[in-house]
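The file work_11.pdb contains PDB, C-alpha atoms:
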ATOM      1  CA  MET M 224     -47.658 252.715 101.579
ATOM      2  CA  ASP M 225     -44.881 251.217 103.689
ATOM      3  CA  ILE M 226     -41.461 250.314 102.316
ATOM      4  CA  PRO M 227     -41.863 246.855 100.707
ATOM      5  CA  ASP M 228     -40.178 243.909 102.404
ATOM      6  CA  PHE M 229     -37.360 242.224 100.516
ATOM      7  CA  GLN M 230     -39.442 239.182  99.520
ATOM      8  CA  SER M 231     -42.038 241.444  97.893
ATOM      9  CA  LEU M 232     -39.199 242.923  95.848
ATOM     10  CA  MET M 233     -37.937 239.620  94.429
ATOM     11  CA  LEU M 234     -40.301 239.436  91.452
ATOM     12  CA  PRO M 235     -39.885 243.140  90.549
ATOM     13  CA  VAL M 236     -36.090 242.769  90.703
ATOM     14  CA  LEU M 237     -36.267 239.715  88.449
ATOM     15  CA  ARG M 238     -38.454 241.608  85.987
ATOM     16  CA  ALA M 239     -36.071 244.558  86.041
ATOM     17  CA  SER M 240     -33.305 242.299  84.695
ATOM     18  CA  SER M 241     -35.412 240.712  81.951
ATOM     19  CA  ALA M 242     -34.228 243.130  79.233
ATOM     20  CA  GLY M 243     -30.539 242.418  79.822
ATOM     21  CA  GLU M 244     -27.676 243.423  82.074
ATOM     22  CA  VAL M 245     -28.632 246.024  84.695
ATOM     23  CA  HIS M 246     -26.867 247.855  87.504
ATOM     24  CA  ILE M 247     -28.247 247.357  90.996
ATOM     25  CA  ARG M 248     -28.278 251.118  91.605
ATOM     26  CA  ASP M 249     -30.506 251.649  88.551
ATOM     27  CA  VAL M 250     -32.828 248.894  89.751
ATOM     28  CA  VAL M 251     -33.147 250.592  93.149
ATOM     29  CA  ASP M 252     -34.116 253.864  91.460
ATOM     30  CA  ARG M 253     -36.529 252.162  89.066
ATOM     31  CA  LEU M 254     -38.324 250.174  91.748
ATOM     32  CA  GLY M 255     -38.530 253.205  94.015
ATOM     33  CA  ALA M 256     -40.519 254.940  91.302
ATOM     34  CA  GLU M 257     -42.513 251.784  90.501
ATOM     35  CA  PHE M 258     -43.654 251.490  94.112
ATOM     36  CA  ALA M 259     -44.325 255.242  94.237
ATOM     37  CA  LEU M 260     -42.211 255.674  97.344
ATOM     38  CA  SER M 261     -41.844 259.201  98.649
ATOM     39  CA  ASP M 262     -38.489 260.964  98.991
ATOM     40  CA  ALA M 263     -38.808 260.572 102.754
ATOM     41  CA  GLN M 264     -39.304 256.794 102.438
ATOM     42  CA  LEU M 265     -36.393 256.471 100.022
ATOM     43  CA  ALA M 266     -34.183 258.394 102.442
ATOM     44  CA  VAL M 267     -34.830 256.160 105.466
ATOM     45  CA  LEU M 268     -31.468 254.780 106.575
ATOM     46  CA  LEU M 269     -30.514 251.541 108.293
ATOM     47  CA  PRO M 270     -29.384 251.915 111.921
ATOM     48  CA  SER M 271     -25.788 251.808 110.647
ATOM     49  CA  GLY M 272     -26.458 254.963 108.609
ATOM     50  CA  ARG M 273     -24.532 253.557 105.634
ATOM     51  CA  GLN M 274     -27.364 252.476 103.351
ATOM     52  CA  THR M 275     -31.033 253.242 102.864
ATOM     53  CA  THR M 276     -33.528 250.643 104.022
ATOM     54  CA  PHE M 277     -35.098 250.354 100.571
ATOM     55  CA  ALA M 278     -31.754 249.882  98.783
ATOM     56  CA  ASN M 279     -30.768 247.276 101.368
ATOM     57  CA  ARG M 280     -33.960 245.311 100.730
ATOM     58  CA  VAL M 281     -33.477 245.457  96.968
ATOM     59  CA  HIS M 282     -29.929 244.136  97.425
ATOM     60  CA  TRP M 283     -31.210 241.263  99.585
ATOM     61  CA  ALA M 284     -33.872 240.426  96.990
ATOM     62  CA  LYS M 285     -31.151 240.294  94.314
ATOM     63  CA  SER M 286     -28.952 238.160  96.560
ATOM     64  CA  TYR M 287     -31.648 235.529  97.107
ATOM     65  CA  LEU M 288     -32.519 235.432  93.402
ATOM     66  CA  GLY M 289     -28.850 234.826  92.663
ATOM     67  CA  LYS M 290     -28.607 232.012  95.196
ATOM     68  CA  ALA M 291     -31.526 230.272  93.494
ATOM     69  CA  GLY M 292     -29.953 230.697  90.059
ATOM     70  CA  LEU M 293     -32.607 233.055  88.648
ATOM     71  CA  ILE M 294     -30.070 235.818  88.035
ATOM     72  CA  LYS M 295     -26.289 235.863  87.718
ATOM     73  CA  LEU M 296     -23.631 238.467  88.453
ATOM     74  CA  THR M 297     -21.882 239.731  85.335
ATOM     75  CA  ARG M 298     -19.459 242.282  86.781
ATOM     76  CA  ARG M 299     -19.219 244.485  89.827
ATOM     77  CA  GLY M 300     -22.664 245.914  90.566
ATOM     78  CA  TYR M 301     -24.238 244.386  87.446
ATOM     79  CA  PHE M 302     -26.414 241.317  86.978
ATOM     80  CA  GLU M 303     -28.711 239.734  84.418
ATOM     81  CA  ILE M 304     -31.500 237.198  84.282
ATOM     82  CA  THR M 305     -30.704 233.527  83.602
ATOM     83  CA  ALA M 306     -32.567 231.022  81.465
ATOM     84  CA  LEU M 307     -34.121 229.657  84.658
ATOM     85  CA  GLY M 308     -35.209 233.157  85.611
ATOM     86  CA  ARG M 309     -36.911 233.591  82.234
ATOM     87  CA  GLU M 310     -38.796 230.351  82.778
ATOM     88  CA  VAL M 311     -40.108 231.736  86.069
ATOM     89  CA  LEU M 312     -41.160 235.003  84.419
ATOM     90  CA  ALA M 313     -42.958 233.084  81.676
ATOM     91  CA  ARG M 314     -45.272 231.673  84.355
ATOM     92  CA  PRO M 315     -44.765 233.942  87.369
ATOM     93  CA  PRO M 316     -46.063 232.760  90.743
ATOM     94  CA  GLY M 317     -48.569 234.752  92.724
ATOM     95  CA  ARG M 318     -45.770 235.602  95.133
ATOM     96  CA  LEU M 319     -42.080 234.990  94.571
ATOM     97  CA  ASP M 320     -40.565 234.505  98.015
ATOM     98  CA  ILE M 321     -38.119 232.294  99.894
ATOM     99  CA  GLY M 322     -40.631 229.458 100.010
ATOM    100  CA  PHE M 323     -40.858 229.541  96.207
ATOM    101  CA  LEU M 324     -37.056 229.709  95.776
ATOM    102  CA  LYS M 325     -36.486 226.588  97.866
ATOM    103  CA  GLN M 326     -37.674 224.403  94.989
ATOM    104  CA  PHE M 327     -34.523 225.184  92.983
ATOM    105  CA  PRO M 328     -31.474 222.929  93.559
ATOM    106  CA  ASP M 329     -29.023 225.851  93.711
ATOM    107  CA  TYR M 330     -30.811 227.507  96.624
ATOM    108  CA  PRO M 331     -28.511 227.655  99.717
ATOM    109  CA  ASP M 332     -30.819 225.601 101.946
ATOM    110  CA  THR M 333     -30.318 222.535  99.755
ATOM    111  CA  LYS M 334     -28.080 219.690 100.912
ATOM    112  CA  ALA M 335     -25.434 220.376  98.253
ATOM    113  CA  LEU M 336     -24.637 223.866  99.496
ATOM    114  CA  ALA M 337     -25.019 222.865 103.113
ATOM    115  CA  GLU M 338     -22.088 220.499 102.616
ATOM    116  CA  GLN M 339     -19.955 223.341 101.288
ATOM    117  CA  ILE M 340     -21.079 226.121 103.655
ATOM    118  CA  GLU M 341     -22.800 224.622 106.665
ATOM    119  CA  LEU M 342     -25.783 226.834 107.332
ATOM    120  CA  ALA M 343     -26.809 227.282 110.954
ATOM    121  CA  PRO M 344     -29.878 225.133 111.611
ATOM    122  CA  VAL M 345     -33.167 226.881 112.089
ATOM    123  CA  THR M 346     -34.466 226.562 115.641
ATOM    124  CA  PRO M 347     -37.951 227.774 116.607
ATOM    125  CA  LEU M 348     -37.590 231.207 118.202
ATOM    126  CA  SER M 349     -39.676 230.119 121.178
ATOM    127  CA  ALA M 350     -36.950 227.590 122.043
ATOM    128  CA  LEU M 351     -34.247 230.265 122.240
ATOM    129  CA  THR M 352     -33.482 232.980 124.744
ATOM    130  CA  PRO M 353     -33.246 236.549 123.370
ATOM    131  CA  ASP M 354     -29.446 236.327 123.520
ATOM    132  CA  GLU M 355     -29.472 233.049 121.603
ATOM    133  CA  GLU M 356     -31.843 234.463 118.981
ATOM    134  CA  MET M 357     -29.455 237.336 118.322
ATOM    135  CA  ARG M 358     -26.395 235.109 118.076
ATOM    136  CA  ARG M 359     -28.201 232.625 115.852
ATOM    137  CA  ALA M 360     -29.193 235.474 113.543
ATOM    138  CA  ARG M 361     -25.560 236.614 113.449
ATOM    139  CA  ASP M 362     -24.417 233.088 112.588
ATOM    140  CA  ARG M 363     -26.863 232.849 109.706
ATOM    141  CA  ILE M 364     -25.805 236.247 108.368
ATOM    142  CA  GLU M 365     -22.171 235.126 108.461
ATOM    143  CA  ASP M 366     -23.071 231.803 106.805
ATOM    144  CA  SER M 367     -24.689 233.708 103.957
ATOM    145  CA  LEU M 368     -21.760 236.134 103.807
ATOM    146  CA  ALA M 369     -19.244 233.284 103.549
ATOM    147  CA  ALA M 370     -21.229 231.740 100.683
ATOM    148  CA  ASP M 371     -21.342 235.119  98.903
ATOM    149  CA  ILE M 372     -17.590 235.606  99.365
ATOM    150  CA  LEU M 373     -16.824 232.184  97.932
ATOM    151  CA  GLU M 374     -19.093 232.865  94.951
ATOM    152  CA  LYS M 375     -17.283 236.150  94.250
ATOM    153  CA  ILE M 376     -13.838 234.509  94.415
ATOM    154  CA  ILE M 377     -14.818 231.675  92.071
ATOM    155  CA  ALA M 378     -16.162 234.208  89.559
ATOM    156  CA  ALA M 379     -12.965 236.317  89.703
ATOM    157  CA  PRO M 380      -9.735 235.668  87.737
ATOM    158  CA  PRO M 381      -7.228 233.183  89.241
ATOM    159  CA  ALA M 382      -4.732 235.984  89.987
ATOM    160  CA  PHE M 383      -7.329 237.631  92.210
ATOM    161  CA  PHE M 384      -7.554 234.464  94.314
ATOM    162  CA  GLU M 385      -3.788 234.531  94.845
ATOM    163  CA  ARG M 386      -4.013 238.153  96.019
ATOM    164  CA  VAL M 387      -6.798 237.233  98.424
ATOM    165  CA  VAL M 388      -4.646 234.438  99.850
ATOM    166  CA  VAL M 389      -1.958 237.039 100.515
ATOM    167  CA  ARG M 390      -4.433 239.358 102.225
ATOM    168  CA  LEU M 391      -5.760 236.563 104.416
ATOM    169  CA  VAL M 392      -2.438 235.133 105.594
ATOM    170  CA  THR M 393      -1.243 238.677 106.334
ATOM    171  CA  ALA M 394      -4.417 239.421 108.291
ATOM    172  CA  MET M 395      -3.761 236.226 110.264
ATOM    173  CA  GLY M 396      -0.342 237.537 111.293
ATOM    174  CA  TYR M 397       1.909 235.840 108.732
ATOM    175  CA  GLY M 398       4.067 237.317 106.010
ATOM    176  CA  GLY M 399       5.217 240.462 107.770
ATOM    177  CA  SER M 400       3.776 243.367 105.756
ATOM    178  CA  LEU M 401       1.203 243.107 102.984
ATOM    179  CA  SER M 402       3.737 244.282 100.406
ATOM    180  CA  ASP M 403       6.334 241.717 101.527
ATOM    181  CA  ALA M 404       3.821 238.868 101.391
ATOM    182  CA  GLY M 405       2.476 240.061  98.054
ATOM    183  CA  GLU M 406       5.929 240.093  96.481
ATOM    184  CA  ALA M 407       6.606 236.586  97.732
ATOM    185  CA  LEU M 408       3.500 235.019  96.192
ATOM    186  CA  GLY M 409       3.839 233.853  92.623
ATOM    187  CA  LYS M 410       7.640 233.884  92.426
ATOM    188  CA  SER M 411       8.112 230.136  92.611
ATOM    189  CA  GLY M 412       5.447 228.846  90.234
ATOM    190  CA  ASP M 413       8.010 227.052  88.059
ATOM    191  CA  GLY M 414       8.876 224.769  90.956
ATOM    192  CA  GLY M 415       5.351 223.565  91.682
ATOM    193  CA  VAL M 416       4.736 226.164  94.383
ATOM    194  CA  ASP M 417       2.576 229.239  93.948
ATOM    195  CA  GLY M 418       4.064 231.279  96.758
ATOM    196  CA  VAL M 419       6.447 231.518  99.675
ATOM    197  CA  ILE M 420       5.355 233.543 102.685
ATOM    198  CA  ASN M 421       7.326 234.226 105.832
ATOM    199  CA  GLU M 422       5.813 232.604 108.902
ATOM    200  CA  ASP M 423       7.350 235.308 111.085
ATOM    201  CA  ILE M 424       8.347 238.914 110.452
ATOM    202  CA  LEU M 425      12.074 238.061 110.358
ATOM    203  CA  GLY M 426      11.632 235.269 107.854
ATOM    204  CA  LEU M 427      13.142 232.627 110.131
ATOM    205  CA  ASP M 428      10.558 230.121 108.948
ATOM    206  CA  ARG M 429       8.619 230.001 105.715
ATOM    207  CA  ILE M 430       5.279 228.686 104.471
ATOM    208  CA  TYR M 431       5.067 227.355 100.928
ATOM    209  CA  VAL M 432       1.676 227.915  99.325
ATOM    210  CA  GLN M 433      -0.291 226.168  96.623
ATOM    211  CA  ALA M 434      -3.450 228.022  95.526
ATOM    212  CA  LYS M 435      -5.993 226.341  93.239
ATOM    213  CA  ARG M 436      -9.116 228.193  92.176
ATOM    214  CA  TYR M 437     -11.608 225.549  91.001
ATOM    215  CA  SER M 438     -15.362 225.999  90.818
ATOM    216  CA  GLU M 439     -16.382 222.359  91.217
ATOM    217  CA  ALA M 440     -13.644 219.742  90.703
ATOM    218  CA  PRO M 441     -12.327 218.469  94.058
ATOM    219  CA  ILE M 442      -8.613 218.206  94.763
ATOM    220  CA  GLY M 443      -7.426 214.602  94.731
ATOM    221  CA  PRO M 444      -4.397 212.844  96.270
ATOM    222  CA  GLY M 445      -2.283 213.321  93.131
ATOM    223  CA  ALA M 446      -2.191 217.094  93.599
ATOM    224  CA  ILE M 447      -1.205 216.620  97.246
ATOM    225  CA  ARG M 448       1.663 214.317  96.320
ATOM    226  CA  ASP M 449       2.833 216.778  93.653
ATOM    227  CA  PHE M 450       2.862 219.555  96.238
ATOM    228  CA  PHE M 451       4.755 217.315  98.641
ATOM    229  CA  GLY M 452       7.381 216.748  95.951
ATOM    230  CA  ALA M 453       7.683 220.498  95.422
ATOM    231  CA  LEU M 454       8.169 221.027  99.151
ATOM    232  CA  ASP M 455      10.894 218.393  99.142
ATOM    233  CA  GLN M 456      12.610 220.177  96.265
ATOM    234  CA  PHE M 457      12.676 223.402  98.290
ATOM    235  CA  LYS M 458      13.708 221.520 101.449
ATOM    236  CA  ALA M 459      10.571 222.876 103.128
ATOM    237  CA  ASN M 460       8.944 221.288 106.168
ATOM    238  CA  LYS M 461       5.465 222.732 105.866
ATOM    239  CA  GLY M 462       3.005 223.831 103.234
ATOM    240  CA  LEU M 463      -0.416 225.409 102.833
ATOM    241  CA  PHE M 464      -2.724 224.075 100.116
ATOM    242  CA  VAL M 465      -5.671 226.403  99.498
ATOM    243  CA  THR M 466      -8.537 225.800  97.088
ATOM    244  CA  THR M 467     -11.934 227.311  96.388
ATOM    245  CA  SER M 468     -13.170 223.759  95.834
ATOM    246  CA  THR M 469     -12.984 220.781  98.207
ATOM    247  CA  PHE M 470     -10.573 217.948  98.974
ATOM    248  CA  THR M 471     -11.468 214.317  98.445
ATOM    249  CA  SER M 472     -11.266 212.033 101.458
ATOM    250  CA  SER M 473      -8.265 210.283  99.898
ATOM    251  CA  ALA M 474      -6.519 213.650  99.475
ATOM    252  CA  LYS M 475      -7.027 214.360 103.182
ATOM    253  CA  THR M 476      -5.740 210.903 104.087
ATOM    254  CA  THR M 477      -2.705 211.388 101.862
ATOM    255  CA  ALA M 478      -1.879 214.771 103.437
ATOM    256  CA  ALA M 479      -2.238 213.351 106.946
ATOM    257  CA  GLY M 480       0.159 210.490 106.197
ATOM    258  CA  LEU M 481       3.005 212.524 104.703
ATOM    259  CA  SER M 482       6.216 213.333 106.556
ATOM    260  CA  LYS M 483       5.785 217.056 105.956
ATOM    261  CA  ARG M 484       3.054 219.142 107.532
ATOM    262  CA  ILE M 485       0.575 220.159 104.808
ATOM    263  CA  VAL M 486      -2.467 222.148 105.921
ATOM    264  CA  LEU M 487      -5.486 221.871 103.632
ATOM    265  CA  ILE M 488      -7.960 224.756 103.435
ATOM    266  CA  ASP M 489     -11.033 224.199 101.260
ATOM    267  CA  GLY M 490     -13.360 226.865  99.912
ATOM    268  CA  ALA M 491     -15.797 226.769 102.826
ATOM    269  CA  ARG M 492     -13.073 227.178 105.448
ATOM    270  CA  PHE M 493     -11.265 229.809 103.389
ATOM    271  CA  ALA M 494     -14.429 231.916 103.145
ATOM    272  CA  ARG M 495     -15.090 231.578 106.867
ATOM    273  CA  LEU M 496     -11.525 232.637 107.665
ATOM    274  CA  MET M 497     -12.043 235.703 105.479
ATOM    275  CA  VAL M 498     -15.118 236.582 107.529
ATOM    276  CA  GLN M 499     -13.288 235.932 110.788
ATOM    277  CA  PHE M 500     -10.349 238.157 109.868
ATOM    278  CA  ASP M 501     -12.385 240.865 108.084
ATOM    279  CA  VAL M 502     -10.969 240.241 104.603
ATOM    280  CA  GLY M 503     -13.412 241.106 101.819
ATOM    281  CA  CYS M 504     -16.047 242.207 104.314
ATOM    282  CA  ARG M 505     -16.551 244.916 106.906
ATOM    283  CA  VAL M 506     -18.513 245.513 110.072
ATOM    284  CA  GLU M 507     -21.908 246.918 109.142
ATOM    285  CA  GLU M 508     -23.197 247.551 112.636
ATOM    286  CA  VAL M 509     -22.243 246.816 116.246
ATOM    287  CA  ILE M 510     -25.075 245.812 118.576
ATOM    288  CA  ALA M 511     -24.425 246.140 122.307
ATOM    289  CA  ILE M 512     -26.088 243.626 124.626
ATOM    290  CA  LYS M 513     -26.680 245.106 128.070
ATOM    291  CA  ARG M 514     -27.378 243.249 131.289
ATOM    292  CA  LEU M 515     -28.584 244.230 134.712
ATOM    293  CA  ASP M 516     -25.765 245.522 136.929
ATOM    294  CA  GLU M 517     -26.517 243.766 140.201
ATOM    295  CA  ASP M 518     -23.735 245.655 142.012
ATOM    296  CA  PHE M 519     -25.410 248.980 141.222
ATOM    297  CA  PHE M 520     -28.482 248.014 143.243
ATOM    298  CA  GLU M 521     -26.549 246.697 146.248
ATOM    299  CA  ALA M 522     -26.418 249.609 148.680
TER     300      ALA M 522
END
Whole structure given in structure tokens:
Amino acid sequence: MDIPDFQSLMLPVLRASSAGEVHIRDVVDRLGAEFALSDAQLAVLLPSGRQTTFANRVHWAKSYLGKAGLIKLTRRGYFEITALGREVLARPPGRLDIGFLKQFPDYPDTKALAEQIELAPVTPLSALTPDEEMRRARDRIEDSLAADILEKIIAAPPAFFERVVVRLVTAMGYGGSLSDAGEALGKSGDGGVDGVINEDILGLDRIYVQAKRYSEAPIGPGAIRDFFGALDQFKANKGLFVTTSTFTSSAKTTAAGLSKRIVLIDGARFARLMVQFDVGCRVEEVIAIKRLDEDFFEA
């Protein structure tokens, strides 16, 4: 038999977690035996050479189940079934696939998640050129990656979020070295500021940071005014307010009307910046697009 596609693996992955917490690596091994895949099939690698095709498909099956709320991550590499997942197993569908998952409100294609991480719209392939198809696929992969990154940050301890903020601003060219920026963050919490990071390597100008890791509650205007007061106390002219949540419209209006420059970065933008600057993610594969060299044929 051929290596199963990732949608065919969704129901088996869900069943594999029904007895309690499991490690994804153990699930890969178990399903490989369940599908009676040969050693040669299990050894087939992705073009990147970094992961087997079967393991990659099992990981994608797990990812989609998690997005629909049928499983939940418990710790690094581990996951378990949710109450919703048990309901599905009690009356399993003939085929558990993306079409089936779309009925659940937590699935990424729903309006709620689209407002947080704007997924690239689906355009019929026939309406796109080959180049556009490839770039659209890349955009959707990065949309999904940004949503996964945000989910991981929200599930992590608050101190981890502060460290990620340091990594991101350093990757963007602020803060000098990673160690310098890391030492700066967290030193001024008693004054209403979570961190102070140099805007340039010499420290001639400084950025004051407020980092709030919330899973759902939006940031309102009161928090913006409090941060403004803290900036005034430090005689600072600019600040960066970062949250894993969102900002209310009144919070944005308040920030825009203040005399000090306060940049607001919500969870969706923060995750996209992490993707853009390769923080918390890595390049899996580089695909080269080649075109006809007209000059070569002009003789």
Would you kindly translate the PyMOL selection byres ((chain M and resi 299) around 10) into the concrete residues it picks from this file, as a list in words?
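Going through the file, the PyMOL selection byres ((chain M and resi 299) around 10) ends up selecting His246, Ile247, Leu296, Thr297, Arg298, Gly300, Tyr301, Phe302 and Lys375 of chain M.
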Since I can't run it myself right now, could you work out what the PyMOL selection byres ((chain M and resi 250) around 12) selects here and report it as a count of residues only?
35
I'd like the neighbourhood of M:Phe500 as number ranges by chain, where a residue qualifies if any of its atoms comes within 8 Å (using only C-alpha atoms), though same-chain residues fewer than 2 positions away should be ignored.
M: 391, 394-395, 496-498, 502
At a cut-off of 10 Å, using all atoms listed in the file, what residues contact M:Ala266? Leave out same-chain residues fewer than 2 positions from it and give the result as a PyMOL selection string.
chain M and resi 260-264+268-269+274-278
On this file, the PyMOL selection byres ((chain M and resi 504-520) around 9) gives some set of residues; write that set as a ChimeraX atom specification.
/M:270-271,273,354,368,372,497-498,500-503,521-522
Just the number, please: distance in Å from atom CA of M:Arg495 to atom CA of M:Pro441, one decimal.
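One can read the atom CA of M:Arg495 to atom CA of M:Pro441 distance as 18.5 Å.
Rounded to one decimal, atom CA of M:Arg429 and atom CA of M:Tyr397 lie 9.4 Å from each other.
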Any idea what's packed within 10 Å of stretch 468-482 of chain M, counting all atoms listed in the file, ignoring anything in its chain fewer than 5 positions away? Could you give it as a VMD selection string?
chain M and resid 339 373 377 435 to 448 450 to 451 460 to 461 487 to 493
Length of the atom CA of M:Pro381 to atom CA of M:Gly462 vector [Å]:
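Distance reported for this atom pair: 19.7 Å.
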Looking at M:Leu234, M:Arg318, M:Gly292, M:Leu427, which one is nearest to M:Ala306, with distances taken over only C-alpha atoms?
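Selected residue with least distance to M:Ala306: M:Gly292.
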Please give the centre and size of the box around stretch 499-504 of chain M (axis-aligned, containing every atom listed in the file, 5 Å added per side), with values in Å to one decimal and written as AutoDock Vina command-line options.
--center_x -13.2 --center_y 239.1 --center_z 106.3 --size_x 15.7 --size_y 16.3 --size_z 19.0
